file target.cif (mmCIF, C-alpha atoms and all ligand atoms)
data_coords
loop_
_atom_site.group_PDB
_atom_site.id
_atom_site.type_symbol
_atom_site.label_atom_id
_atom_site.label_comp_id
_atom_site.auth_asym_id
_atom_site.auth_seq_id
_atom_site.Cartn_x
_atom_site.Cartn_y
_atom_site.Cartn_z
ATOM 1 C CA ASP A 24 -10.230 -48.751 -28.251
ATOM 2 C CA LYS A 25 -7.677 -50.853 -26.408
ATOM 3 C CA LEU A 26 -5.053 -52.704 -28.387
ATOM 4 C CA SER A 27 -5.439 -56.447 -27.991
ATOM 5 C CA LEU A 28 -2.451 -58.685 -27.431
ATOM 6 C CA LEU A 29 -2.570 -62.437 -27.985
ATOM 7 C CA VAL A 30 0.080 -64.208 -25.895
ATOM 8 C CA ILE A 31 1.129 -67.717 -26.952
ATOM 9 C CA PRO A 32 3.454 -69.757 -24.711
ATOM 10 C CA GLY A 33 5.546 -72.398 -26.460
ATOM 11 C CA SER A 34 5.444 -74.630 -23.375
ATOM 12 C CA VAL A 35 2.303 -75.376 -21.406
ATOM 13 C CA ARG A 36 3.508 -77.765 -18.728
ATOM 14 C CA GLN A 37 2.656 -77.024 -15.124
ATOM 15 C CA GLY A 38 5.260 -74.695 -13.720
ATOM 16 C CA SER A 39 6.497 -73.684 -17.177
ATOM 17 C CA LEU A 40 8.976 -70.841 -16.917
ATOM 18 C CA ASN A 41 7.756 -69.543 -20.248
ATOM 19 C CA CYS A 42 4.129 -69.537 -19.096
ATOM 20 C CA THR A 43 5.260 -67.613 -16.025
ATOM 21 C CA LEU A 44 7.083 -65.127 -18.244
ATOM 22 C CA ALA A 45 4.038 -64.935 -20.544
ATOM 23 C CA ARG A 46 1.807 -64.039 -17.577
ATOM 24 C CA ALA A 47 4.293 -61.410 -16.419
ATOM 25 C CA ALA A 48 4.273 -59.930 -19.928
ATOM 26 C CA MET A 49 0.464 -59.894 -19.899
ATOM 27 C CA ARG A 50 0.368 -57.920 -16.648
ATOM 28 C CA ILE A 51 2.876 -55.492 -18.132
ATOM 29 C CA ALA A 52 0.782 -55.121 -21.302
ATOM 30 C CA GLU A 53 -2.347 -54.505 -19.234
ATOM 31 C CA ALA A 54 -0.521 -51.866 -17.219
ATOM 32 C CA GLN A 55 0.334 -50.261 -20.565
ATOM 33 C CA GLY A 56 -3.380 -50.139 -21.450
ATOM 34 C CA ALA A 57 -3.731 -53.221 -23.655
ATOM 35 C CA ALA A 58 -6.236 -56.054 -23.414
ATOM 36 C CA THR A 59 -4.590 -59.470 -23.304
ATOM 37 C CA ARG A 60 -5.539 -63.049 -24.021
ATOM 38 C CA LEU A 61 -3.515 -66.162 -23.253
ATOM 39 C CA LEU A 62 -3.769 -68.916 -25.850
ATOM 40 C CA ASP A 63 -3.040 -72.449 -24.619
ATOM 41 C CA LEU A 64 -1.789 -74.371 -27.647
ATOM 42 C CA ARG A 65 -2.447 -77.692 -25.922
ATOM 43 C CA ALA A 66 -6.151 -76.811 -25.725
ATOM 44 C CA LEU A 67 -6.264 -76.666 -29.541
ATOM 45 C CA GLU A 68 -5.753 -80.470 -29.500
ATOM 46 C CA LEU A 69 -3.872 -80.445 -32.776
ATOM 47 C CA PRO A 70 -2.412 -83.793 -33.848
ATOM 48 C CA LEU A 71 1.130 -83.879 -35.114
ATOM 49 C CA TYR A 72 0.919 -82.646 -38.702
ATOM 50 C CA ASP A 73 0.152 -85.516 -41.029
ATOM 51 C CA GLY A 74 -0.753 -85.120 -44.686
ATOM 52 C CA ASP A 75 -3.049 -88.140 -44.504
ATOM 53 C CA ILE A 76 -5.092 -86.528 -41.728
ATOM 54 C CA GLU A 77 -5.278 -83.385 -43.830
ATOM 55 C CA ALA A 78 -6.337 -85.323 -46.945
ATOM 56 C CA LYS A 79 -9.042 -87.271 -45.107
ATOM 57 C CA GLN A 80 -10.390 -84.743 -42.604
ATOM 58 C CA GLY A 81 -9.073 -81.373 -43.687
ATOM 59 C CA VAL A 82 -7.424 -78.955 -41.304
ATOM 60 C CA PRO A 83 -8.451 -79.607 -37.656
ATOM 61 C CA ALA A 84 -10.766 -77.231 -35.814
ATOM 62 C CA GLY A 85 -7.896 -76.180 -33.543
ATOM 63 C CA ALA A 86 -6.125 -74.538 -36.461
ATOM 64 C CA VAL A 87 -9.274 -72.515 -37.179
ATOM 65 C CA GLU A 88 -9.377 -71.473 -33.509
ATOM 66 C CA LEU A 89 -5.805 -70.273 -33.833
ATOM 67 C CA ILE A 90 -6.636 -68.298 -36.981
ATOM 68 C CA GLU A 91 -9.617 -66.665 -35.269
ATOM 69 C CA ALA A 92 -7.563 -65.770 -32.205
ATOM 70 C CA ILE A 93 -4.928 -64.140 -34.407
ATOM 71 C CA MET A 94 -7.527 -62.233 -36.425
ATOM 72 C CA GLN A 95 -9.008 -60.795 -33.244
ATOM 73 C CA ALA A 96 -5.611 -59.630 -31.984
ATOM 74 C CA ASP A 97 -3.718 -56.479 -32.918
ATOM 75 C CA ALA A 98 -0.438 -58.162 -32.035
ATOM 76 C CA VAL A 99 0.879 -61.607 -31.122
ATOM 77 C CA LEU A 100 3.540 -62.310 -28.495
ATOM 78 C CA VAL A 101 5.183 -65.749 -28.611
ATOM 79 C CA VAL A 102 6.998 -66.784 -25.427
ATOM 80 C CA THR A 103 8.909 -69.995 -25.934
ATOM 81 C CA PRO A 104 11.728 -72.151 -24.613
ATOM 82 C CA GLU A 105 14.216 -73.722 -26.961
ATOM 83 C CA TYR A 106 14.708 -77.454 -27.324
ATOM 84 C CA ASN A 107 18.199 -78.252 -28.570
ATOM 85 C CA GLY A 108 18.514 -74.739 -29.862
ATOM 86 C CA PHE A 109 15.234 -74.939 -31.751
ATOM 87 C CA PRO A 110 11.656 -73.699 -31.269
ATOM 88 C CA THR A 111 9.342 -76.218 -29.613
ATOM 89 C CA PRO A 112 7.256 -78.614 -31.697
ATOM 90 C CA LEU A 113 4.160 -77.251 -29.943
ATOM 91 C CA VAL A 114 4.631 -73.873 -31.669
ATOM 92 C CA ILE A 115 5.848 -75.163 -35.016
ATOM 93 C CA ASN A 116 3.137 -77.813 -35.284
ATOM 94 C CA ALA A 117 0.331 -75.352 -34.543
ATOM 95 C CA PHE A 118 1.547 -72.838 -37.104
ATOM 96 C CA ASP A 119 2.325 -75.511 -39.702
ATOM 97 C CA TRP A 120 -1.324 -76.568 -39.427
ATOM 98 C CA LEU A 121 -2.447 -72.927 -39.645
ATOM 99 C CA SER A 122 -0.421 -72.494 -42.826
ATOM 100 C CA ARG A 123 -2.435 -75.314 -44.430
ATOM 101 C CA ALA A 124 -5.840 -73.777 -43.691
ATOM 102 C CA PRO A 125 -7.555 -72.512 -46.847
ATOM 103 C CA ALA A 126 -9.934 -69.570 -46.876
ATOM 104 C CA ALA A 127 -13.542 -70.348 -45.995
ATOM 105 C CA ALA A 128 -16.759 -68.336 -46.095
ATOM 106 C CA SER A 129 -16.344 -67.162 -42.511
ATOM 107 C CA ARG A 130 -12.593 -66.549 -42.450
ATOM 108 C CA PRO A 131 -9.465 -65.909 -44.477
ATOM 109 C CA ALA A 132 -6.785 -68.513 -45.153
ATOM 110 C CA GLY A 133 -4.333 -69.089 -42.318
ATOM 111 C CA LEU A 134 -1.551 -67.239 -44.074
ATOM 112 C CA GLN A 135 -3.829 -64.262 -44.749
ATOM 113 C CA ALA A 136 -4.635 -64.025 -41.036
ATOM 114 C CA THR A 137 -0.973 -63.830 -40.093
ATOM 115 C CA ALA A 138 0.133 -61.470 -42.897
ATOM 116 C CA ASN A 139 1.263 -58.074 -41.580
ATOM 117 C CA LYS A 140 0.395 -59.008 -37.998
ATOM 118 C CA PRO A 141 2.837 -57.458 -35.514
ATOM 119 C CA LEU A 142 4.798 -60.130 -33.629
ATOM 120 C CA GLY A 143 6.897 -59.956 -30.485
ATOM 121 C CA LEU A 144 9.262 -62.632 -29.200
ATOM 122 C CA LEU A 145 10.311 -63.590 -25.673
ATOM 123 C CA SER A 146 11.944 -66.714 -24.342
ATOM 124 C CA ALA A 147 13.027 -68.165 -21.033
ATOM 125 C CA SER A 148 15.393 -70.926 -20.042
ATOM 126 C CA PRO A 149 17.397 -71.987 -16.990
ATOM 127 C CA GLY A 150 20.456 -71.815 -19.240
ATOM 128 C CA ALA A 151 22.743 -68.935 -20.043
ATOM 129 C CA LEU A 152 21.286 -68.175 -23.482
ATOM 130 C CA GLY A 153 17.683 -68.020 -22.301
ATOM 131 C CA GLY A 154 16.341 -69.539 -25.518
ATOM 132 C CA LEU A 155 17.899 -66.954 -27.797
ATOM 133 C CA ARG A 156 18.501 -69.387 -30.648
ATOM 134 C CA ALA A 157 14.862 -70.495 -30.792
ATOM 135 C CA MET A 158 13.748 -66.869 -30.983
ATOM 136 C CA ASN A 159 16.020 -66.239 -33.917
ATOM 137 C CA TYR A 160 14.626 -69.239 -35.787
ATOM 138 C CA LEU A 161 11.102 -68.154 -34.950
ATOM 139 C CA ARG A 162 11.784 -64.651 -36.216
ATOM 140 C CA GLN A 163 12.755 -66.131 -39.563
ATOM 141 C CA TYR A 164 9.855 -68.635 -39.572
ATOM 142 C CA PHE A 165 7.187 -66.068 -38.779
ATOM 143 C CA GLN A 166 8.580 -63.382 -41.087
ATOM 144 C CA MET A 167 9.487 -65.464 -44.108
ATOM 145 C CA ALA A 168 6.678 -68.017 -44.110
ATOM 146 C CA PHE A 169 3.853 -66.137 -42.363
ATOM 147 C CA GLY A 170 4.464 -62.530 -43.390
ATOM 148 C CA MET A 171 4.331 -61.360 -39.789
ATOM 149 C CA LEU A 172 5.934 -58.089 -38.767
ATOM 150 C CA ALA A 173 8.440 -59.329 -36.210
ATOM 151 C CA HIS A 174 9.577 -56.454 -34.037
ATOM 152 C CA PRO A 175 13.395 -56.219 -33.859
ATOM 153 C CA ARG A 176 13.244 -55.899 -30.083
ATOM 154 C CA GLN A 177 13.265 -59.254 -28.312
ATOM 155 C CA PHE A 178 14.436 -60.600 -24.959
ATOM 156 C CA ALA A 179 15.753 -63.945 -23.751
ATOM 157 C CA LEU A 180 15.462 -64.497 -19.999
ATOM 158 C CA SER A 181 18.439 -66.574 -18.885
ATOM 159 C CA ARG A 182 18.627 -68.337 -15.486
ATOM 160 C CA ALA A 183 14.846 -68.236 -15.600
ATOM 161 C CA ASN A 184 14.561 -70.859 -12.856
ATOM 162 C CA GLU A 185 15.816 -68.195 -10.423
ATOM 163 C CA ALA A 186 14.129 -65.187 -12.031
ATOM 164 C CA PHE A 187 10.649 -65.165 -10.477
ATOM 165 C CA ASP A 188 9.352 -64.591 -6.972
ATOM 166 C CA ALA A 189 6.555 -66.670 -5.433
ATOM 167 C CA GLU A 190 3.933 -64.543 -7.231
ATOM 168 C CA GLY A 191 5.560 -65.041 -10.623
ATOM 169 C CA LYS A 192 6.961 -61.533 -10.748
ATOM 170 C CA LEU A 193 10.394 -60.853 -12.195
ATOM 171 C CA LYS A 194 12.803 -60.218 -9.344
ATOM 172 C CA ASP A 195 15.416 -58.402 -11.375
ATOM 173 C CA ASP A 196 14.623 -54.812 -12.386
ATOM 174 C CA LYS A 197 16.727 -55.012 -15.517
ATOM 175 C CA ALA A 198 14.931 -58.137 -16.727
ATOM 176 C CA ARG A 199 11.544 -56.540 -16.027
ATOM 177 C CA GLN A 200 12.573 -53.426 -17.941
ATOM 178 C CA GLN A 201 13.592 -55.582 -20.898
ATOM 179 C CA VAL A 202 10.193 -57.262 -20.937
ATOM 180 C CA GLU A 203 8.480 -53.879 -20.585
ATOM 181 C CA ALA A 204 10.459 -52.574 -23.556
ATOM 182 C CA VAL A 205 9.536 -55.585 -25.718
ATOM 183 C CA VAL A 206 5.853 -55.198 -24.846
ATOM 184 C CA GLN A 207 5.878 -51.437 -25.292
ATOM 185 C CA SER A 208 7.578 -51.494 -28.681
ATOM 186 C CA LEU A 209 5.268 -54.269 -29.871
ATOM 187 C CA LEU A 210 2.189 -52.303 -28.793
ATOM 188 C CA GLN A 211 3.552 -49.196 -30.515
ATOM 189 C CA LEU A 212 3.976 -51.140 -33.746
ATOM 190 C CA ALA A 213 0.484 -52.598 -33.355
ATOM 191 C CA GLY A 214 -0.957 -49.127 -32.848
ATOM 192 C CA ALA A 215 0.789 -47.801 -35.943
ATOM 193 C CA VAL A 216 -0.395 -50.740 -38.082
ATOM 194 C CA LYS A 217 -3.955 -50.399 -36.768
ATOM 195 C CA THR A 218 -4.063 -46.666 -37.482
ATOM 196 C CA LYS A 219 -2.949 -47.185 -41.075
ATOM 197 C CA ALA A 220 -5.378 -50.041 -41.735
HETATM 198 C C1 LIG B 301 15.720 -78.314 -23.162
HETATM 199 N N1 LIG B 301 16.251 -77.219 -22.517
HETATM 200 C C2 LIG B 301 17.118 -76.375 -23.191
HETATM 201 N N2 LIG B 301 17.472 -75.134 -22.675
HETATM 202 C C3 LIG B 301 18.256 -74.300 -23.386
HETATM 203 O O1 LIG B 301 18.545 -73.195 -22.927
HETATM 204 N N3 LIG B 301 18.755 -74.667 -24.598
HETATM 205 C C4 LIG B 301 18.457 -75.853 -25.173
HETATM 206 O O2 LIG B 301 18.884 -76.125 -26.276
HETATM 207 C C5 LIG B 301 17.621 -76.752 -24.457
HETATM 208 N N4 LIG B 301 17.275 -77.969 -24.983
HETATM 209 C C6 LIG B 301 16.264 -78.703 -24.409
HETATM 210 C C7 LIG B 301 15.741 -79.815 -25.077
HETATM 211 C C8 LIG B 301 14.652 -80.499 -24.555
HETATM 212 C C9 LIG B 301 14.073 -81.647 -25.327
HETATM 213 C C10 LIG B 301 14.084 -80.101 -23.319
HETATM 214 C C11 LIG B 301 12.872 -80.809 -22.744
HETATM 215 C C12 LIG B 301 14.631 -79.050 -22.637
HETATM 216 C C13 LIG B 301 15.840 -76.886 -21.155
HETATM 217 C C14 LIG B 301 14.625 -75.978 -21.158
HETATM 218 O O3 LIG B 301 15.048 -74.648 -21.357
HETATM 219 C C15 LIG B 301 13.886 -76.099 -19.812
HETATM 220 O O4 LIG B 301 13.366 -77.397 -19.694
HETATM 221 C C16 LIG B 301 12.800 -75.067 -19.687
HETATM 222 O O5 LIG B 301 12.351 -75.055 -18.363
HETATM 223 C C17 LIG B 301 11.654 -75.349 -20.624
HETATM 224 O O6 LIG B 301 10.752 -74.276 -20.634
HETATM 225 P P1 LIG B 301 9.445 -74.302 -19.728
HETATM 226 O O7 LIG B 301 8.714 -75.575 -19.976
HETATM 227 O O8 LIG B 301 9.875 -74.164 -18.306
HETATM 228 O O9 LIG B 301 8.648 -73.101 -20.191
#
call {"tool": "encode", "arguments": {"input": "target.cif", "output": "structure tokens", "more": "lines below"}}
Ligand code: FNR
result
Amino acid sequence: DKLSLLVIPGSVRQGSLNCTLARAAMRIAEAQGAATRLLDLRALELPLYDGDIEAKQGVPAGAVELIEAIMQADAVLVVTPEYNGFPTPLVINAFDWLSRAPAAASRPAGLQATANKPLGLLSASPGALGGLRAMNYLRQYFQMAFGMLAHPRQFALSRANEAFDAEGKLKDDKARQQVEAVVQSLLQLAGAVKTKA
């Protein structure tokens, strides 16, 4: 059975550098024998977290979609820019909602779905740090609050506005090798976790 990788970009705008990097990582994962799925967080149509919405309507359907996507995946790869040194609200809001989802007949609670799930981190930015600071916050967020198994290997693509060719491929061999190494080590961890389960 192929390992399945769920790829979640933290920016979904047209021309997003992080979406471009996410797609490059997906092609790399497929070349390494994995099945991949891209999850568009915007399509989940999650409102900004609001305790009154939760009290009146419960957790929105989009959070359940996110839980189901994570359950079906052997590993999750988050590919995000940083805003003012911080992860994007798109990512944090989606996972804050997930963390509020209780167990139901058909599925576990949000935090049960994420527990012990292998996680990889990539980021891209036109700047010199490439989104490194956001990745470090996300590592802490996903490990400490969600129990995910964040792989130590991560990569921040700096000068990302110059990094891709017209087909969205990474021009620089060293950058491509870094992404390959992140994907490979994540898939190895996912394989080890799956074998033990
Ligand atoms: C940014 N950007 C940015 N870049 C960076 O390297 N460090 C930072 O702290 C910030 N801060 C920041 C704040 C806000 C509100 C915005 C909108 C942008 C620039 C950012 O990296 C750039 O817009 C990327 O192109 C965003 O990623 P996508 O959308 O191309 O994937």
call {"tool": "resolve_selection", "arguments": {"input": "target.cif", "expression": "the PyMOL selection byres (((chain A and resi 112) around 12) and not hetatm)", "output": "JSON list (two decimals) with C-alpha atoms, keeping the file's coordinate frame"}}
result
[["chain", "number", "residue", "atom", "x", "y", "z"],
["A", 32, "PRO", "CA", 3.45, -69.76, -24.71],
["A", 33, "GLY", "CA", 5.55, -72.40, -26.46],
["A", 34, "SER", "CA", 5.44, -74.63, -23.38],
["A", 35, "VAL", "CA", 2.30, -75.38, -21.41],
["A", 64, "LEU", "CA", -1.79, -74.37, -27.65],
["A", 65, "ARG", "CA", -2.45, -77.69, -25.92],
["A", 69, "LEU", "CA", -3.87, -80.44, -32.78],
["A", 70, "PRO", "CA", -2.41, -83.79, -33.85],
["A", 71, "LEU", "CA", 1.13, -83.88, -35.11],
["A", 72, "TYR", "CA", 0.92, -82.65, -38.70],
["A", 103, "THR", "CA", 8.91, -70.00, -25.93],
["A", 104, "PRO", "CA", 11.73, -72.15, -24.61],
["A", 105, "GLU", "CA", 14.22, -73.72, -26.96],
["A", 106, "TYR", "CA", 14.71, -77.45, -27.32],
["A", 107, "ASN", "CA", 18.20, -78.25, -28.57],
["A", 109, "PHE", "CA", 15.23, -74.94, -31.75],
["A", 110, "PRO", "CA", 11.66, -73.70, -31.27],
["A", 111, "THR", "CA", 9.34, -76.22, -29.61],
["A", 113, "LEU", "CA", 4.16, -77.25, -29.94],
["A", 114, "VAL", "CA", 4.63, -73.87, -31.67],
["A", 115, "ILE", "CA", 5.85, -75.16, -35.02],
["A", 116, "ASN", "CA", 3.14, -77.81, -35.28],
["A", 117, "ALA", "CA", 0.33, -75.35, -34.54],
["A", 118, "PHE", "CA", 1.55, -72.84, -37.10],
["A", 119, "ASP", "CA", 2.33, -75.51, -39.70],
["A", 120, "TRP", "CA", -1.32, -76.57, -39.43],
["A", 157, "ALA", "CA", 14.86, -70.50, -30.79],
["A", 161, "LEU", "CA", 11.10, -68.15, -34.95]]
call {"tool": "closest_residue", "arguments": {"input": "target.cif", "among": "A:Val102, A:Leu26, A:Ala84, A:Ala198", "to": "ligand LIG 301 (chain B)", "atoms": "all atoms listed in the file"}}
result
A:Val102
call {"tool": "axis_aligned_box", "arguments": {"input": "target.cif", "around": "segment 34-47 of chain A", "padding_each_side": "5 Å", "output": "lines of an AutoDock Vina configuration file"}}
result
center_x = 5.4
center_y = -69.6
center_z = -18.5
size_x = 17.2
size_y = 26.4
size_z = 19.7
call {"tool": "resolve_selection", "arguments": {"input": "target.cif", "expression": "the PyMOL selection byres (((not hetatm)) within 6 of (chain B and resi 301))", "output": "PyMOL selection string"}}
result
chain A and resi 34+36+39-42+104-108+148-150+152-154
call {"tool": "closest_atom_pairs", "arguments": {"input": "target.cif", "of": "segment 163-194 of chain A", "to": "segment 131-138 of chain A", "cutoff": "10 Å", "atoms": "only C-alpha atoms", "output": "JSON lines"}}
result
{"residue": "A:Phe165", "atom": "CA", "partner": "A:Thr137", "partner_atom": "CA", "distance": 8.6}
{"residue": "A:Gln166", "atom": "CA", "partner": "A:Ala138", "partner_atom": "CA", "distance": 8.8}
{"residue": "A:Ala168", "atom": "CA", "partner": "A:Leu134", "partner_atom": "CA", "distance": 8.3}
{"residue": "A:Phe169", "atom": "CA", "partner": "A:Leu134", "partner_atom": "CA", "distance": 5.8}
{"residue": "A:Gly170", "atom": "CA", "partner": "A:Ala138", "partner_atom": "CA", "distance": 4.5}
{"residue": "A:Met171", "atom": "CA", "partner": "A:Ala138", "partner_atom": "CA", "distance": 5.2}
{"residue": "A:Leu172", "atom": "CA", "partner": "A:Ala138", "partner_atom": "CA", "distance": 7.9}
call {"tool": "atom_distance", "arguments": {"input": "target.cif", "atom1": "atom CA of Arg162 of chain A", "atom2": "atom CA of Ala186 of chain A"}}
result
24.3 Å
call {"tool": "atom_distance", "arguments": {"input": "target.cif", "atom1": "atom CA of Leu210 of chain A", "atom2": "atom CA of Ala48 of chain A"}}
result
11.9 Å
call {"tool": "residues_around", "arguments": {"input": "target.cif", "residues": "Val216 of chain A", "least_positions_apart": "5", "cutoff": "10 Å", "atoms": "only C-alpha atoms", "output": "number ranges by chain"}}
result
A: 97-98, 139-141, 172, 210-211
call {"tool": "resolve_selection", "arguments": {"input": "target.cif", "expression": "the PyMOL selection byres (((chain A and resi 25) around 9) and not hetatm)", "output": "PyMOL selection string"}}
result
chain A and resi 24+26-27+56-58
call {"tool": "closest_residue", "arguments": {"input": "target.cif", "among": "A:Leu100, A:Ala124, A:Ala47, A:Met167", "to": "Gly85 of chain A", "atoms": "all atoms listed in the file"}}
result
A:Ala124
call {"tool": "residues_around", "arguments": {"input": "target.cif", "residues": "Arg50 of chain A", "least_positions_apart": "2", "cutoff": "12 Å", "atoms": "all atoms listed in the file", "output": "MDAnalysis selection string"}}
result
chainID A and resid 28 30 43:48 52:61 191:193 199 202:203 206
call {"tool": "atom_distance", "arguments": {"input": "target.cif", "atom1": "atom CA of Glu88 of chain A", "atom2": "atom CA of Ile51 of chain A"}}
result
25.3 Å
call {"tool": "closest_residue", "arguments": {"input": "target.cif", "among": "A:Gly74, A:Lys194, A:Ala183, A:Leu89", "to": "Ala147 of chain A", "atoms": "all atoms listed in the file"}}
result
A:Ala183
call {"tool": "closest_residue", "arguments": {"input": "target.cif", "among": "A:Ala127, A:Ala179, A:Ala92, A:Met49", "to": "Leu67 of chain A", "atoms": "only C-alpha atoms"}}
result
A:Ala92
call {"tool": "closest_residue", "arguments": {"input": "target.cif", "among": "A:Ala86, A:Ala189, A:Ile31, A:Val205", "to": "Pro175 of chain A", "atoms": "only C-alpha atoms"}}
result
A:Val205
call {"tool": "closest_residue", "arguments": {"input": "target.cif", "among": "A:Ala66, A:Asp73, A:Gln207, A:Leu29", "to": "Gln95 of chain A", "atoms": "only C-alpha atoms"}}
result
A:Leu29
call {"tool": "residues_near_point", "arguments": {"input": "target.cif", "point": "(-11.0, -68.3, -39.3)", "cutoff": "7 Å", "atoms": "only C-alpha atoms", "output": "PyMOL selection string"}}
result
chain A and resi 87-88+90-91+129-131
